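J.: Next up, data.cif (mmCIF, C-alpha atoms).
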data_upload
loop_
_atom_site.label_atom_id
_atom_site.label_comp_id
_atom_site.auth_asym_id
_atom_site.auth_seq_id
_atom_site.Cartn_x
_atom_site.Cartn_y
_atom_site.Cartn_z
CA MET A 287 -31.89 74.54 28.87
CA THR A 288 -29.36 77.24 28.14
CA ASN A 289 -25.68 76.47 27.86
CA LYS A 290 -23.90 76.97 31.19
CA PRO A 291 -20.23 77.78 31.69
CA HIS A 292 -18.14 75.47 33.92
CA THR A 293 -18.65 77.83 36.87
CA PHE A 294 -22.23 76.55 37.08
CA ILE A 295 -23.61 73.24 38.35
CA ASP A 296 -25.86 71.04 36.20
CA SER A 297 -28.01 69.61 38.97
CA ILE A 298 -28.55 69.84 42.72
CA ILE A 299 -30.54 67.61 45.08
CA MET A 300 -31.65 69.29 48.29
CA GLY A 301 -32.98 67.08 51.07
CA PHE A 302 -34.76 68.12 54.27
CA THR A 303 -34.90 65.39 56.91
CA GLY A 304 -36.65 67.43 59.59
CA SER A 305 -33.42 67.71 61.55
CA SER A 306 -30.90 68.57 58.83
CA VAL A 307 -30.43 70.00 55.35
CA ASN A 308 -28.39 67.96 52.87
CA LEU A 309 -27.05 69.11 49.51
CA ILE A 310 -26.02 66.50 46.95
CA VAL A 311 -23.91 68.18 44.29
CA PRO A 312 -22.38 66.14 41.43
CA SER A 313 -18.57 66.29 41.47
CA HIS A 314 -18.67 67.97 44.89
CA GLY A 315 -20.27 65.28 47.05
CA THR A 316 -22.80 65.72 49.87
CA LEU A 317 -22.85 68.64 52.30
CA CYS A 318 -24.73 68.26 55.60
CA PHE A 319 -26.04 71.07 57.83
CA ASP A 320 -28.20 71.18 60.93
CA ASN A 321 -31.37 73.28 61.01
CA SER A 322 -29.43 76.29 62.32
CA GLY A 323 -27.15 76.19 59.29
CA ARG A 324 -24.08 74.74 61.04
CA LEU A 325 -22.03 72.53 58.77
CA PHE A 326 -21.42 69.11 60.33
CA GLY A 327 -20.36 66.90 57.43
CA HIS A 328 -19.02 66.65 53.89
CA HIS A 329 -18.81 63.32 52.08
CA LYS A 330 -17.32 62.60 48.68
CA ASN A 331 -16.35 59.24 47.22
CA HIS A 332 -14.16 57.52 49.83
CA THR A 333 -13.50 60.55 52.00
CA SER A 334 -15.60 61.98 54.82
CA PHE A 335 -15.16 65.15 56.89
CA SER A 336 -16.95 65.48 60.23
CA ARG A 337 -17.09 68.79 62.10
CA GLY A 338 -17.65 69.02 65.85
CA LEU A 339 -19.38 71.86 67.68
CA ASP A 340 -16.01 72.84 69.15
CA GLY A 341 -14.71 73.55 65.63
CA ARG A 342 -12.51 70.48 65.24
CA ILE A 343 -12.72 68.56 61.96
CA ILE A 344 -11.82 64.90 61.46
CA LYS A 345 -11.06 63.46 58.04
CA LYS A 346 -11.73 59.77 57.41
CA THR A 347 -10.81 57.82 54.30
CA TRP A 348 -11.71 54.36 53.04
CA SER A 349 -9.87 52.26 50.46
CA PRO A 350 -11.86 52.05 47.20
CA GLY A 351 -13.04 48.63 46.15
CA LYS A 352 -12.56 47.04 49.58
CA PRO A 353 -15.47 46.03 51.82
CA CYS A 354 -14.34 47.86 54.96
CA PRO A 355 -17.00 49.31 57.30
CA HIS A 356 -14.41 51.24 59.29
CA PRO A 357 -12.09 53.94 57.91
CA GLN A 358 -8.54 53.07 56.96
CA THR A 359 -7.17 56.43 58.07
CA ILE A 360 -8.43 58.97 60.61
CA LYS A 361 -6.85 62.41 60.89
CA GLU A 362 -7.70 65.62 62.73
CA LEU A 363 -7.21 68.67 60.49
CA SER A 364 -4.78 71.43 61.37
CA LYS A 365 -5.90 75.08 61.61
CA ARG A 366 -4.60 75.75 58.08
CA GLU A 367 -6.43 72.68 56.73
CA ILE A 368 -9.63 73.73 58.51
CA HIS A 369 -9.43 77.15 56.82
CA GLN A 370 -8.92 75.49 53.43
CA PHE A 371 -11.85 73.16 54.09
CA HIS A 372 -14.22 76.02 54.95
CA SER A 373 -13.09 77.96 51.89
CA HIS A 374 -13.92 74.94 49.73
CA ILE A 375 -17.40 74.60 51.27
CA THR A 376 -18.05 78.32 50.70
CA HIS A 377 -16.99 77.92 47.06
CA ILE A 378 -19.46 75.05 46.57
CA LEU A 379 -22.35 76.97 48.16
CA ARG A 380 -21.68 80.05 46.05
CA LYS A 381 -21.60 77.87 42.97
CA CYS A 382 -24.96 76.34 43.97
CA LEU A 383 -26.51 79.78 44.48
CA ARG A 384 -25.27 81.01 41.10
CA SER A 385 -26.66 77.90 39.43
CA ALA A 386 -30.09 77.89 41.09
CA ASP A 387 -31.75 79.73 38.18
CA VAL A 388 -30.48 77.41 35.46
CA CYS A 389 -29.70 73.97 36.92
CA HIS A 390 -31.93 70.94 37.40
CA MET A 391 -33.16 71.00 41.00
CA GLU A 392 -34.84 68.24 43.00
CA ILE A 393 -36.23 68.82 46.48
CA TYR A 394 -37.04 66.08 48.99
CA TYR A 395 -38.64 66.27 52.41
CA LYS A 396 -38.24 63.10 54.49
CA SER A 397 -37.48 61.10 51.31
CA ARG A 398 -40.58 62.35 49.48
CA LYS A 399 -40.21 64.57 46.44
CA LYS A 400 -41.59 68.07 47.03
CA HIS A 401 -42.00 71.31 45.11
CA MET A 402 -40.25 74.43 46.37
CA SER A 403 -40.24 77.85 44.82
CA LEU A 404 -36.99 79.23 43.43
CA TRP A 405 -37.22 82.03 45.98
CA ARG A 406 -37.30 79.51 48.88
CA ILE A 407 -34.42 77.55 47.38
CA LYS A 408 -32.26 80.65 47.09
CA LYS A 409 -33.23 81.74 50.59
CA THR A 410 -32.10 78.38 52.01
CA LEU A 411 -28.79 78.45 50.12
CA THR A 412 -28.17 82.04 51.20
CA ALA A 413 -28.81 81.13 54.85
CA LEU A 414 -26.30 78.27 54.60
CA LEU A 415 -23.78 80.56 52.94
CA HIS A 416 -24.17 83.16 55.70
CA PHE A 417 -22.97 80.64 58.30
CA THR A 418 -19.41 81.67 57.41
CA GLU A 419 -16.12 80.40 58.83
CA GLU A 420 -16.03 83.45 61.09
CA ARG A 421 -19.53 82.72 62.37
CA LEU A 422 -18.66 79.06 62.89
CA THR A 423 -15.61 80.14 64.89
CA THR A 424 -17.77 82.37 67.09
CA ASP A 425 -20.28 79.54 67.45
CA ALA A 426 -17.50 77.20 68.62
CA GLN A 427 -16.48 79.76 71.25
CA ILE A 428 -20.06 79.92 72.54
CA PHE A 429 -20.11 76.13 72.69
CA LYS A 430 -16.96 76.14 74.84
CA GLN A 431 -18.59 78.66 77.17
CA THR A 432 -21.68 76.44 77.45
CA TYR A 433 -19.83 73.19 78.12
CA ARG A 434 -16.76 72.04 79.96
CA PRO A 435 -14.71 69.77 77.62
CA ILE A 436 -16.81 66.71 76.71
CA GLY A 437 -14.24 63.93 77.02
CA ILE A 438 -15.94 61.02 75.25
CA LEU A 439 -19.35 59.49 74.51
CA PRO A 440 -20.42 55.97 73.51
CA PRO A 441 -20.76 55.64 69.71
CA ASP A 442 -24.55 55.33 69.82
CA GLN A 443 -24.70 58.57 71.83
CA TYR A 444 -22.71 60.86 69.50
CA LEU A 445 -25.98 62.61 68.60
CA SER A 446 -27.26 62.86 72.16
CA LEU A 447 -27.83 66.15 73.94
CA VAL A 448 -25.23 66.20 76.71
CA ILE A 449 -26.09 67.66 80.10
CA GLN A 450 -23.12 67.79 82.45
CA VAL A 451 -24.39 66.97 85.94
CA THR A 452 -20.76 66.38 86.94
CA GLU A 453 -17.49 67.63 85.47
CA GLY A 454 -14.41 65.57 84.71
CA CYS A 455 -13.58 62.24 86.37
CA SER A 456 -13.32 61.66 90.12
CA TRP A 457 -10.75 58.87 89.59
CA ASN A 458 -8.81 60.05 86.53
CA LYS A 459 -5.89 57.62 87.08
CA CYS A 460 -6.43 54.90 84.44
CA THR A 461 -3.27 54.55 82.34
CA PHE A 462 -5.20 54.13 79.05
CA CYS A 463 -7.37 57.25 79.43
CA ARG A 464 -6.52 60.92 78.82
CA PHE A 465 -10.03 62.19 78.21
CA TYR A 466 -10.20 64.25 81.39
CA ALA A 467 -6.57 65.29 81.74
CA GLY A 468 -6.40 68.79 83.19
CA VAL A 469 -10.14 68.88 83.92
CA SER A 470 -10.96 69.34 87.60
CA HIS A 471 -13.70 67.13 89.01
CA LYS A 472 -16.89 68.73 90.27
CA ILE A 473 -20.36 67.56 91.27
CA ARG A 474 -22.84 70.23 90.25
CA SER A 475 -25.69 71.35 92.50
CA GLN A 476 -29.29 71.34 91.27
CA GLU A 477 -29.08 75.12 90.76
CA GLU A 478 -25.89 74.77 88.70
CA ILE A 479 -27.41 71.98 86.64
CA MET A 480 -30.52 74.07 85.95
CA THR A 481 -28.40 77.04 84.86
CA HIS A 482 -26.43 74.73 82.57
CA ILE A 483 -29.63 73.28 81.09
CA ASP A 484 -30.89 76.81 80.29
CA GLN A 485 -27.57 77.63 78.59
CA VAL A 486 -27.71 74.42 76.56
CA ARG A 487 -31.30 75.09 75.47
CA GLN A 488 -30.32 78.54 74.28
CA TYR A 489 -27.29 77.21 72.41
CA VAL A 490 -28.93 74.29 70.58
CA SER A 491 -32.06 76.32 69.74
CA SER A 492 -33.46 75.21 66.36
CA SER A 493 -30.87 72.44 66.01
CA LEU A 494 -32.36 70.48 68.93
CA SER A 495 -34.22 68.20 66.51
CA ARG A 496 -30.88 66.67 65.45
CA ARG A 497 -30.30 65.39 69.01
CA CYS A 498 -31.76 61.90 69.44
CA SER A 499 -31.39 61.28 73.17
CA LEU A 500 -30.01 62.74 76.43
CA PHE A 501 -26.67 61.92 78.03
CA LEU A 502 -25.69 62.74 81.60
CA GLY A 503 -22.04 63.78 81.63
CA ASP A 504 -19.27 63.49 82.41
CA ALA A 505 -17.25 60.36 83.29
CA ASN A 506 -19.58 59.20 86.08
CA ALA A 507 -22.95 60.86 86.64
CA PHE A 508 -23.46 58.57 89.66
CA ASP A 509 -21.00 60.69 91.63
CA ALA A 510 -24.01 62.95 92.13
CA ARG A 511 -26.39 62.30 95.03
CA PRO A 512 -29.33 60.01 94.18
CA ASP A 513 -31.89 62.78 94.80
CA THR A 514 -29.96 65.14 92.49
CA LEU A 515 -29.65 62.61 89.67
CA ILE A 516 -33.29 61.53 89.95
CA TRP A 517 -34.34 65.19 89.87
CA ALA A 518 -32.11 65.79 86.83
CA CYS A 519 -33.74 62.93 84.91
CA GLN A 520 -37.24 64.10 85.84
CA THR A 521 -36.40 67.66 84.79
CA LEU A 522 -34.87 66.59 81.48
CA SER A 523 -37.84 64.33 80.69
CA ARG A 524 -40.12 67.33 81.18
CA LEU A 525 -38.02 69.82 79.19
CA PHE A 526 -36.94 67.49 76.38
CA PRO A 527 -39.82 64.97 76.02
CA LYS A 528 -38.89 63.86 72.50
CA GLN A 529 -35.24 63.14 73.31
CA ALA A 530 -36.12 61.51 76.66
CA SER A 531 -38.69 59.10 75.19
CA PRO A 532 -37.57 55.79 73.61
CA GLN A 533 -38.33 55.80 69.88
CA SER A 534 -39.29 52.98 67.51
CA ASP A 535 -35.85 53.18 65.87
CA GLY A 536 -34.16 52.33 69.18
CA MET A 537 -33.03 55.89 69.89
CA GLY A 538 -34.29 58.18 72.62
CA GLY A 539 -34.05 57.97 76.39
CA ILE A 540 -31.56 59.09 79.02
CA TYR A 541 -28.09 57.53 79.26
CA SER A 542 -24.92 57.92 81.30
CA PHE A 543 -21.52 56.51 82.19
CA GLY A 544 -21.17 54.83 85.58
CA GLU A 545 -18.21 53.61 87.63
CA VAL A 546 -18.36 50.31 89.50
CA ASN A 547 -17.24 51.48 92.95
CA ARG A 548 -19.76 54.31 93.06
CA LEU A 549 -22.64 52.29 91.60
CA LEU A 550 -22.23 49.63 94.28
CA GLN A 551 -23.01 52.31 96.87
CA TRP A 552 -26.37 53.08 95.28
CA GLU A 553 -29.55 51.50 96.65
CA LYS A 554 -31.59 49.43 94.22
CA ASN A 555 -34.70 51.50 95.01
CA ASP A 556 -32.89 54.65 93.85
CA LEU A 557 -31.88 52.93 90.61
CA ILE A 558 -35.52 51.97 90.05
CA LYS A 559 -36.52 55.61 90.59
CA LEU A 560 -33.92 56.60 87.99
CA ARG A 561 -35.42 54.16 85.50
CA LEU A 562 -38.91 55.52 86.16
CA ALA A 563 -37.51 59.02 85.62
CA GLY A 564 -36.22 58.00 82.17
CA LEU A 565 -32.74 56.48 82.58
CA ARG A 566 -32.47 53.77 79.96
CA ARG A 567 -28.86 52.52 79.94
CA VAL A 568 -25.68 52.84 81.99
CA PHE A 569 -22.33 52.47 80.21
CA ILE A 570 -19.57 50.84 82.24
CA GLY A 571 -15.89 50.70 81.34
CA VAL A 572 -15.25 47.02 82.08
CA GLU A 573 -12.02 46.98 80.01
CA THR A 574 -11.14 43.37 81.01
CA GLY A 575 -12.22 40.54 83.26
CA ALA A 576 -8.61 39.88 84.32
CA ASP A 577 -7.95 41.51 87.69
CA LYS A 578 -4.18 41.52 87.11
CA LEU A 579 -4.64 43.66 84.01
CA ARG A 580 -7.11 45.92 85.81
CA GLN A 581 -4.49 46.55 88.50
CA TRP A 582 -1.73 47.24 85.98
CA THR A 583 -3.89 49.82 84.22
CA ARG A 584 -5.09 51.30 87.54
CA LYS A 585 -8.70 50.47 86.74
CA PRO A 586 -10.70 50.63 89.99
CA GLY A 587 -12.78 47.67 91.12
CA THR A 588 -12.50 43.92 90.57
CA SER A 589 -14.19 41.67 88.03
CA GLU A 590 -16.41 40.37 90.85
CA GLN A 591 -17.52 43.93 91.61
CA VAL A 592 -18.21 44.51 87.92
CA TRP A 593 -20.47 41.45 87.94
CA GLN A 594 -22.26 42.62 91.09
CA THR A 595 -22.79 46.06 89.57
CA VAL A 596 -24.26 44.71 86.34
CA GLN A 597 -26.55 42.42 88.37
CA LYS A 598 -27.83 45.38 90.39
CA ILE A 599 -28.40 47.59 87.33
CA LYS A 600 -30.16 44.87 85.35
CA SER A 601 -32.38 43.87 88.28
CA SER A 602 -33.48 47.52 88.42
CA GLY A 603 -34.77 47.31 84.85
CA ILE A 604 -31.95 49.39 83.34
CA SER A 605 -29.87 48.06 80.45
CA VAL A 606 -26.08 48.18 80.34
CA GLY A 607 -23.44 49.16 77.83
CA LEU A 608 -20.12 47.42 78.48
CA VAL A 609 -16.84 48.73 77.06
CA LEU A 610 -14.00 46.23 76.60
CA LEU A 611 -10.43 47.11 75.64
CA ALA A 612 -9.11 45.12 72.70
CA GLY A 613 -5.36 44.57 73.06
CA ILE A 614 -5.09 45.11 76.82
CA GLY A 615 -2.34 42.83 78.11
CA GLY A 616 -0.58 42.84 74.75
CA LYS A 617 0.93 39.66 73.27
CA GLU A 618 2.04 38.22 76.59
CA HIS A 619 -1.38 38.36 78.28
CA SER A 620 -3.78 38.18 75.34
CA ALA A 621 -5.06 34.74 76.35
CA LEU A 622 -5.57 35.86 79.96
CA HIS A 623 -7.60 38.88 78.85
CA ALA A 624 -9.77 36.85 76.47
CA THR A 625 -10.37 33.93 78.86
CA GLU A 626 -11.17 35.98 81.97
CA THR A 627 -13.32 38.45 80.05
CA GLU A 628 -15.34 35.65 78.47
CA LYS A 629 -15.90 34.11 81.91
CA LEU A 630 -17.16 37.44 83.21
CA LEU A 631 -19.51 38.03 80.28
CA LEU A 632 -20.96 34.51 80.48
CA LYS A 633 -21.99 35.15 84.11
CA MET A 634 -23.87 38.34 83.27
CA PRO A 635 -27.64 38.44 82.60
CA LEU A 636 -27.22 40.19 79.25
CA ASN A 637 -29.89 40.38 76.56
CA ASN A 638 -30.67 42.24 73.33
CA GLU A 639 -31.38 45.47 75.22
CA ASP A 640 -27.69 45.64 76.15
CA ILE A 641 -24.63 46.45 74.09
CA VAL A 642 -20.96 45.43 74.25
CA TYR A 643 -18.38 47.73 72.67
CA PHE A 644 -14.81 46.80 71.77
CA SER A 645 -12.37 49.70 71.94
CA PRO A 646 -8.84 49.19 70.53
CA LEU A 647 -6.28 50.08 73.21
CA SER A 648 -4.35 53.21 72.23
CA GLN A 649 -2.02 53.49 75.22
CA GLY A 650 -1.12 51.61 78.39
CA PRO A 651 1.76 50.50 80.64
CA SER A 652 4.33 49.73 77.91
CA ASP A 653 6.69 48.13 80.46
CA LYS A 654 4.15 45.37 81.17
CA TRP A 655 3.55 43.94 77.71
CA THR A 656 4.25 44.12 73.98
CA LYS A 657 1.54 45.91 72.04
CA LEU A 658 -0.71 43.76 69.89
CA SER A 659 -0.64 44.37 66.15
CA ARG A 660 -3.73 45.83 64.53
CA THR A 661 -4.47 42.49 62.89
CA ALA A 662 -4.10 40.56 66.16
CA SER A 663 -6.36 43.07 67.92
CA GLN A 664 -9.00 42.63 65.18
CA HIS A 665 -8.83 38.84 65.55
CA GLN A 666 -9.32 39.20 69.31
CA ILE A 667 -12.42 41.32 68.71
CA GLN A 668 -13.78 38.81 66.17
CA ASP A 669 -13.28 35.87 68.53
CA MET A 670 -14.95 37.60 71.48
CA THR A 671 -17.79 38.86 69.28
CA SER A 672 -18.46 35.30 68.08
CA MET A 673 -18.62 34.12 71.69
CA ILE A 674 -21.08 36.88 72.61
CA GLN A 675 -23.29 36.20 69.60
CA SER A 676 -23.54 32.54 70.60
CA LEU A 677 -25.34 33.48 73.84
CA PRO A 678 -29.07 32.56 74.09
CA THR A 679 -30.10 36.24 74.05
CA PRO A 680 -26.98 38.00 72.74
CA PRO A 681 -26.48 41.73 73.34
CA LYS A 682 -25.64 44.02 70.46
CA THR A 683 -21.94 44.46 69.71
CA GLY A 684 -19.96 47.26 68.07
CA LEU A 685 -16.58 48.90 67.58
CA TYR A 686 -15.65 51.90 69.71
CA ASN A 687 -12.83 53.78 67.99
CA ILE A 688 -12.02 56.76 70.20
CA ASN A 689 -10.12 58.48 67.37
CA GLU A 690 -13.39 58.97 65.50
CA TYR A 691 -15.12 60.82 68.33
CA LEU A 692 -16.45 64.34 67.83
CA TYR A 693 -19.34 66.10 69.53
#
Would you mind writing the file out in structure tokens?
T.:
Amino acid sequence: MTNKPHTFIDSIIMGFTGSSVNLIVPSHGTLCFDNSGRLFGHHKNHTSFSRGLDGRIIKKTWSPGKPCPHPQTIKELSKREIHQFHSHITHILRKCLRSADVCHMEIYYKSRKKHMSLWRIKKTLTALLHFTEERLTTDAQIFKQTYRPIGILPPDQYLSLVIQVTEGCSWNKCTFCRFYAGVSHKIRSQEEIMTHIDQVRQYVSSSLSRRCSLFLGDANAFDARPDTLIWACQTLSRLFPKQASPQSDGMGGIYSFGEVNRLLQWEKNDLIKLRLAGLRRVFIGVETGADKLRQWTRKPGTSEQVWQTVQKIKSSGISVGLVLLAGIGGKEHSALHATETEKLLLKMPLNNEDIVYFSPLSQGPSDKWTKLSRTASQHQIQDMTSMIQSLPTPPKTGLYNINEYLY
């Protein structure tokens, strides 16, 4: 091999997963793109950058040498830092294109080594390079025209295809939540939902294969009429059969958030129709089993109503995702939160089709308690996780860090 100046790269690994294109470049890390060419990730050593469709970028870092599954620091980049980041990615891609003739190249398709002509390799790199910062900015603007702000999703639904059958949150008064601040609530008609679906299909285009499931937004899809929501699930199952069908890896299906007070108004027969139309799991913000803490945080419904709701959903053949707030009640009411929440969970007919998420409290009524330290909050999560895992058929458990969320 001929001698190469330092402006060239010695080797490149290019991987095609069927839903993304990944470049592994020594000294530059791994660059990840969807099938349209949109950059969505860059990983190097103990640092990871994730880019959302709205153009935001989150940087996460881990401490080297420490077994820590969750990042030590999470930071959203400023506009200046985003520009610098995109300039760096462009530099790497140009370097790869210049080196294609002389470097060692390995190509993989779904983990199997494949041959690809130099012309095809250069064509792929050129296509990635043409998705410039300016084009990404325009793409983010189109995304914002297609969607109202997507407040939050459960961690296992970050790669879902969101369809907003409602907008915002009809309650929007919980003290710990700012996801829908400034977003007016609206229940969309079937015509509006269909128009939205057509816009989403046009936007995702060739990148649809990266979406693993379907999520009915926003804060509570059950604000919609039963006939509208059942129709929406039937329509989505027809238009997006791969995403709507449960897969062997546990992904696939239709999911949504649900609020206790509204769900209690639904008839069981309508919930069964939803399941038959493809709805697989409903996520409920339980937060705590202590009614005093629910009142202080303006969380609607009682722990008894939460239990009744879960009973109704489960008896309809739909699984549940329960979100609990770690640290709610602070130091003064930590024992109350843990004890009452454990009582509530032990009453529920949970199994391994369900999931319980623990979300560290980021804000609340500061005049009611003293905030738990990060270590104390982690210990609370560990104790409650141990209790859940001791159940005869324990649900899955996970951490729900809202600061990591990007769509």
J.: On this file, the PyMOL selection byres ((chain A and resi 567) around 8) gives some set of residues; write that set as a PyMOL selection string.
T.: chain A and resi 540-542+565-566+568-569+604-607+640
J.: Which residue gives the smallest distance to Ser322 of chain A among A:Phe417, A:Phe508, A:Trp582, A:Phe302, with all atoms listed in the file counted?
T.: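 Smallest separation from Ser322 of chain A among the options: A:Phe417.
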J.: So how far away is atom CA of His482 of chain A from atom CA of Gly454 of chain A, in Å?
T.: 15.3 Å
J.: So how far away is atom CA of Ile449 of chain A from atom CA of Gln427 of chain A, in Å?
T.: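 Atom CA of Ile449 of chain A lies 17.8 Å from atom CA of Gln427 of chain A.
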J.: Taking the point (-38.8, 65.4, 39.8) as given in the file, collect each protein or nucleic acid residue that comes within 12 Å of it, counting only C-alpha atoms, and present the set as a PyMOL selection string.
T.: chain A and resi 297-300+390-394+398-402
